[in-house]
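K.L.:
Have a look at the structure that comes next, please.
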Amino acid sequence: MPSSLPLSPFLLFFFFLASPTDAFFSSLLAATGDAPRFAEAPHFRNGVRCPSISAGAGRAAACDPSHVHIAMTLDAQYLRGSVAAVHSILKHSSCPDTLFFHFFAPAGGRVGGDDLSRLLGSTVRSVFPALRFEVYPFRAELVSGLISSSVRVALQNPLNYVRAYLADLIDSCVQRVVYLDSDVIVVDDVRRLWDDAAARLDSAAAVVAAPEYCHANFTRYFAPTFWAEGGAQAFAGRRHRPCYFNTGVMVMDLRRWRAGGYRRRIERWMEVQRERRIYELGSLPPFLLVFAGEVEGLEHRWNQHGLGGDNLTGECRRLHPGPVSLMHWSGKGKPWDRLDAGNPCPVDQLWKPYDLYVRPSSGTSSIATT
């Protein structure tokens with residue numbers, strides 16, 4: 001595009017969505033002087049039967065045992081999705097004041113002399129003034145030397161691997177956390193997920209609870225050479241049959257994770273992948289190698305995944321049969337991209353009511369908040 005033609009704010013934001021890097025987002029912010037804008041969310045209040053919570057901030061608030069802890073990433077490409085996800089969680093929570101969010105943002109990014117992680121945190125605060133949260137800068141060098149190429153460039157983002165480092169980065173007083181991808185919408189009370197997973201994890205002394213999909217072809221997540229060279233031995237001795245589970249929705253027992261050194265176990269498989277390619281996807285296969293057969297299964301309603309289609313074409317898909325508590329646009333197609341392009345899938349209309357993005361061209365939110 002010739003440099004003499006100015007880019008509109010909306011077009012800049014479209015490029016921001018398409019960009020896989022926060023560096024590109026930083027350059028756009030530097031050029032326009034404005035971050036993407038979002039409408040302030042309604043203030044959702046606790047019900048009458050909610051547990052009392054501490055009035056403090058910082059570590060005192062984070063360590064309150066009555067909190068439901070939720071971990072998510074904040075980055076340029078998926079900021080709009082993260083905001084919509086938090087909005088949906090608060091809207092359907094019976095006790096929103098008992099939720100504590102742990103956000104992980106890229107460390108080291110600068111925008112006009114300002115820290116990118118601080119800027120992203122400020123955006124969250126402007127949208128959710130009463131939200132209890134902390135932003136953790138995540139240093140890419142922790143994992144960048146272990147990341148191998150994937151079928152989709154976005155899967156190579158270091159933030160995709162944050163889930164393996166949660167136990168090291170979150171305060172040791174936090175014993176359990178719900179990890180959620182940024183392309184989800186929760187349409188049920190997240191405390192139900194928290195309580196169900198807690199009961200299952202405690203009864204089995206397990207590390208991870210997540211919906212499992214044992215009808216899926218587990219072998220296709222690894223290269224044929226992996227199986228030919230005895231890969232099945234990696235799953236020997238597991239408590240259950242190894243099944244596929246989607247790592248975009250997990251409840252993790254951080255005490256057992258720390259005690260069992262699970263971060264290092266995942267890193268070892270990533271090192272094997274660098275030496276001899278045994279899978280094509282990003283951060284999922286190492287988790288399967290470590291946890292498949294040891295996961296405590298949750299109801300499928302808590303991860304209606306695959307709504308973004310496959311990793312190459314992002315075709316439209318329908319909801320799976322059965323009840324729905326969480327919708328997950330895993331795959332290439334993201335609802336905000338398809339809505340902005342004027343070619344949404346039917347299921348994307350279920351995401352739209354939670355979108356708080358304010359379009360520069362109109363100055364109004366894409367939804368009417370209540």
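Letters for chains follow the order of the structure tokens (A, B, ...), residue numbers begin at 1 for each chain, and ligand numbers begin at 1 in the order shown.
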Give me the residues near Ala71 of chain A as a list in words, where near means some atom within 6 Å (using only C-alpha atoms) and where sequence neighbours in that chain fewer than 3 positions away do not count.
P.N.:
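That gives Phe101, His102, Phe103 and Tyr179 of chain A.
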K.L.:
Go ahead and write the selection's residues with N, CA, C and O atoms as a PDB file, in the first residue's frame.
P.N.:
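Below is the file again_24.pdb, written as the result:
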ATOM      1  N   PHE A 101      -8.907 -13.370  38.333  1.00  0.00           N
ATOM      2  CA  PHE A 101      -8.312 -13.696  37.041  1.00  0.00           C
ATOM      3  C   PHE A 101      -6.803 -13.491  37.078  1.00  0.00           C
ATOM      4  O   PHE A 101      -6.306 -12.489  37.597  1.00  0.00           O
ATOM      5  N   HIS A 102      -6.106 -14.436  36.488  1.00  0.00           N
ATOM      6  CA  HIS A 102      -4.657 -14.362  36.321  1.00  0.00           C
ATOM      7  C   HIS A 102      -4.394 -14.246  34.816  1.00  0.00           C
ATOM      8  O   HIS A 102      -4.579 -15.212  34.069  1.00  0.00           O
ATOM      9  N   PHE A 103      -3.995 -13.058  34.372  1.00  0.00           N
ATOM     10  CA  PHE A 103      -3.737 -12.814  32.958  1.00  0.00           C
ATOM     11  C   PHE A 103      -2.244 -12.842  32.673  1.00  0.00           C
ATOM     12  O   PHE A 103      -1.447 -12.279  33.434  1.00  0.00           O
ATOM     13  N   TYR A 179      -7.864 -23.037  33.584  1.00  0.00           N
ATOM     14  CA  TYR A 179      -7.217 -22.421  32.429  1.00  0.00           C
ATOM     15  C   TYR A 179      -8.206 -22.402  31.270  1.00  0.00           C
ATOM     16  O   TYR A 179      -8.811 -23.428  30.925  1.00  0.00           O
TER      17      TYR A 179
END
K.L.:
Within 8 Å of segment 142-149 of chain A, counting only C-alpha atoms, which residues show up once you throw out same-chain ones fewer than 5 positions away? Write them as a PyMOL selection string, please.
P.N.:
chain A and resi 156+158+161+267+270-271+273-274+280+282
K.L.:
List as a tab-separated table every residue of segment 304-329 of chain A that is in contact with segment 334-350 of chain A, defined as an atom at most 7 Å from one of its atoms (using only C-alpha atoms), together with the nearest atom pair and the distance in Å rounded to one decimal, sorted by chain and then rising number.
P.N.:
residue	atom	partner	partner_atom	distance
A:Gly308	CA	A:Lys334	CA	5.7
A:Cys316	CA	A:Cys345	CA	5.5
A:Arg318	CA	A:Val347	CA	6.6
A:Trp329	CA	A:Lys334	CA	6.1
K.L.:
Could you dump the residues just selected with N, CA and C atoms as a PDB file, in the first residue's frame?
P.N.:
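Heads up, here's the output in result30.pdb:
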ATOM      1  N   GLY A 308     -14.317 -23.254  15.541  1.00  0.00           N
ATOM      2  CA  GLY A 308     -13.536 -22.485  14.570  1.00  0.00           C
ATOM      3  C   GLY A 308     -13.106 -23.310  13.370  1.00  0.00           C
ATOM      4  N   CYS A 316     -17.232 -23.582   8.738  1.00  0.00           N
ATOM      5  CA  CYS A 316     -18.312 -23.497   9.722  1.00  0.00           C
ATOM      6  C   CYS A 316     -18.616 -24.886  10.291  1.00  0.00           C
ATOM      7  N   ARG A 318     -21.244 -26.889  13.460  1.00  0.00           N
ATOM      8  CA  ARG A 318     -22.392 -26.767  14.357  1.00  0.00           C
ATOM      9  C   ARG A 318     -21.984 -27.179  15.769  1.00  0.00           C
ATOM     10  N   TRP A 329     -14.155 -21.711  20.177  1.00  0.00           N
ATOM     11  CA  TRP A 329     -13.866 -21.551  18.757  1.00  0.00           C
ATOM     12  C   TRP A 329     -12.429 -21.979  18.445  1.00  0.00           C
TER      13      TRP A 329
END
K.L.:
Kindly indicate which residue among A:Asp168, A:Ser66, A:Thr219, A:Thr247 lies nearest to Phe287 of chain A, using only C-alpha atoms for the distances.
P.N.:
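Among the listed residues, A:Thr247 lies closest to Phe287 of chain A.
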K.L.:
By how many Å are atom CA of Tyr244 of chain A and atom CA of Ala84 of chain A apart?
P.N.:
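Computed distance, atom CA of Tyr244 of chain A to atom CA of Ala84 of chain A, equals 26.9 Å.
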K.L.:
DSSP on the backbone, strand (DSSP E) only: what residues of segment 121-251 of chain A does that give? Format it as a ChimeraX atom specification.
P.N.:
/A:132-138,176-180,184-186,208-213,244-245,249-251
K.L.:
So that I have them on file, write out the residues from the current selection with C-alpha atoms, as a tab-separated table (two decimals), in the first residue's frame.
P.N.:
chain	number	residue	atom	x	y	z
A	132	ARG	CA	-10.09	-8.77	40.64
A	133	PHE	CA	-7.07	-9.69	38.57
A	134	GLU	CA	-3.32	-9.65	38.18
A	135	VAL	CA	-1.25	-9.39	34.99
A	136	TYR	CA	1.92	-11.46	34.75
A	137	PRO	CA	4.51	-10.57	32.09
A	138	PHE	CA	5.50	-13.80	30.34
A	176	ARG	CA	-6.07	-24.75	41.80
A	177	VAL	CA	-6.83	-22.81	38.61
A	178	VAL	CA	-9.18	-22.99	35.63
A	179	TYR	CA	-7.22	-22.42	32.43
A	180	LEU	CA	-9.27	-21.06	29.52
A	184	VAL	CA	-14.27	-19.29	24.52
A	185	ILE	CA	-17.65	-18.11	25.78
A	186	VAL	CA	-19.02	-19.42	29.08
A	208	VAL	CA	-5.69	-32.23	35.49
A	209	ALA	CA	-9.44	-32.39	34.96
A	210	ALA	CA	-10.92	-31.74	31.50
A	211	PRO	CA	-13.56	-33.10	29.12
A	212	GLU	CA	-12.20	-36.18	27.33
A	213	TYR	CA	-13.12	-37.40	23.85
A	244	TYR	CA	-7.82	-36.93	23.44
A	245	PHE	CA	-8.58	-33.85	25.54
A	249	VAL	CA	-10.25	-25.83	28.97
A	250	MET	CA	-8.54	-27.44	31.95
A	251	VAL	CA	-8.74	-27.35	35.72
K.L.:
Taking into account only C-alpha atoms, which residue in the set A:Gly81, A:Leu289, A:Trp351, A:Val187 is nearest to Ala232 of chain A?
P.N.:
A:Leu289
K.L.:
Have a look at A:Ala223, A:Val358, A:Ala234, A:Leu201 and name the one nearest to Leu298 of chain A; count only C-alpha atoms.
P.N.:
A:Leu201
K.L.:
So that I can see what lies close to Glu315 of chain A, please list as a list in words the residues with an atom at most 10 Å from it, counting only C-alpha atoms and leaving out residues fewer than 4 positions away in the same chain.
P.N.:
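What passes the distance filter is Gly306, Leu307, Gly308, Gly309, Asp310, Asn311, Gly331, Lys332, Gly333 and Cys345 of chain A.
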K.L.:
Suppose we keep N, CA, C and O atoms; can you now write the selection as a compact mmCIF listing (two decimals), in the first residue's frame?
P.N.:
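again_10.txt, written as the output of this step:
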# COMPACT_ATOMS: atom_id res chain seq x y z
N GLY A 306 -13.98 -26.87 18.74
CA GLY A 306 -13.95 -27.09 17.30
C GLY A 306 -14.84 -26.15 16.51
O GLY A 306 -15.01 -26.33 15.30
N LEU A 307 -15.41 -25.12 17.16
CA LEU A 307 -16.35 -24.23 16.46
C LEU A 307 -15.64 -23.33 15.46
O LEU A 307 -16.28 -22.70 14.62
N GLY A 308 -14.32 -23.25 15.54
CA GLY A 308 -13.54 -22.49 14.57
C GLY A 308 -13.11 -23.31 13.37
O GLY A 308 -12.31 -22.83 12.55
N GLY A 309 -13.61 -24.53 13.25
CA GLY A 309 -13.23 -25.38 12.12
C GLY A 309 -11.87 -26.01 12.32
O GLY A 309 -11.34 -26.06 13.42
N ASP A 310 -11.27 -26.47 11.23
CA ASP A 310 -9.96 -27.10 11.34
C ASP A 310 -8.87 -26.03 11.36
O ASP A 310 -9.13 -24.83 11.36
N ASN A 311 -7.62 -26.48 11.38
CA ASN A 311 -6.50 -25.55 11.46
C ASN A 311 -6.07 -24.98 10.12
O ASN A 311 -5.14 -24.17 10.07
N GLY A 331 -9.55 -23.88 16.45
CA GLY A 331 -9.43 -23.97 15.00
C GLY A 331 -9.09 -22.62 14.41
O GLY A 331 -8.92 -21.62 15.11
N LYS A 332 -8.99 -22.55 13.12
CA LYS A 332 -8.54 -21.33 12.45
C LYS A 332 -9.58 -20.21 12.48
O LYS A 332 -9.24 -19.03 12.62
N GLY A 333 -10.86 -20.53 12.35
CA GLY A 333 -11.90 -19.51 12.24
C GLY A 333 -12.28 -18.91 13.58
O GLY A 333 -12.71 -19.63 14.48
N CYS A 345 -20.40 -17.54 10.55
CA CYS A 345 -21.07 -18.83 10.65
C CYS A 345 -22.26 -18.66 11.60
O CYS A 345 -22.26 -17.77 12.46
K.L.:
What is the atom CA of Gly248 of chain A-atom CA of Arg80 of chain A distance in Å, reported with one decimal?
P.N.:
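Those two atoms sit 16.8 Å apart.
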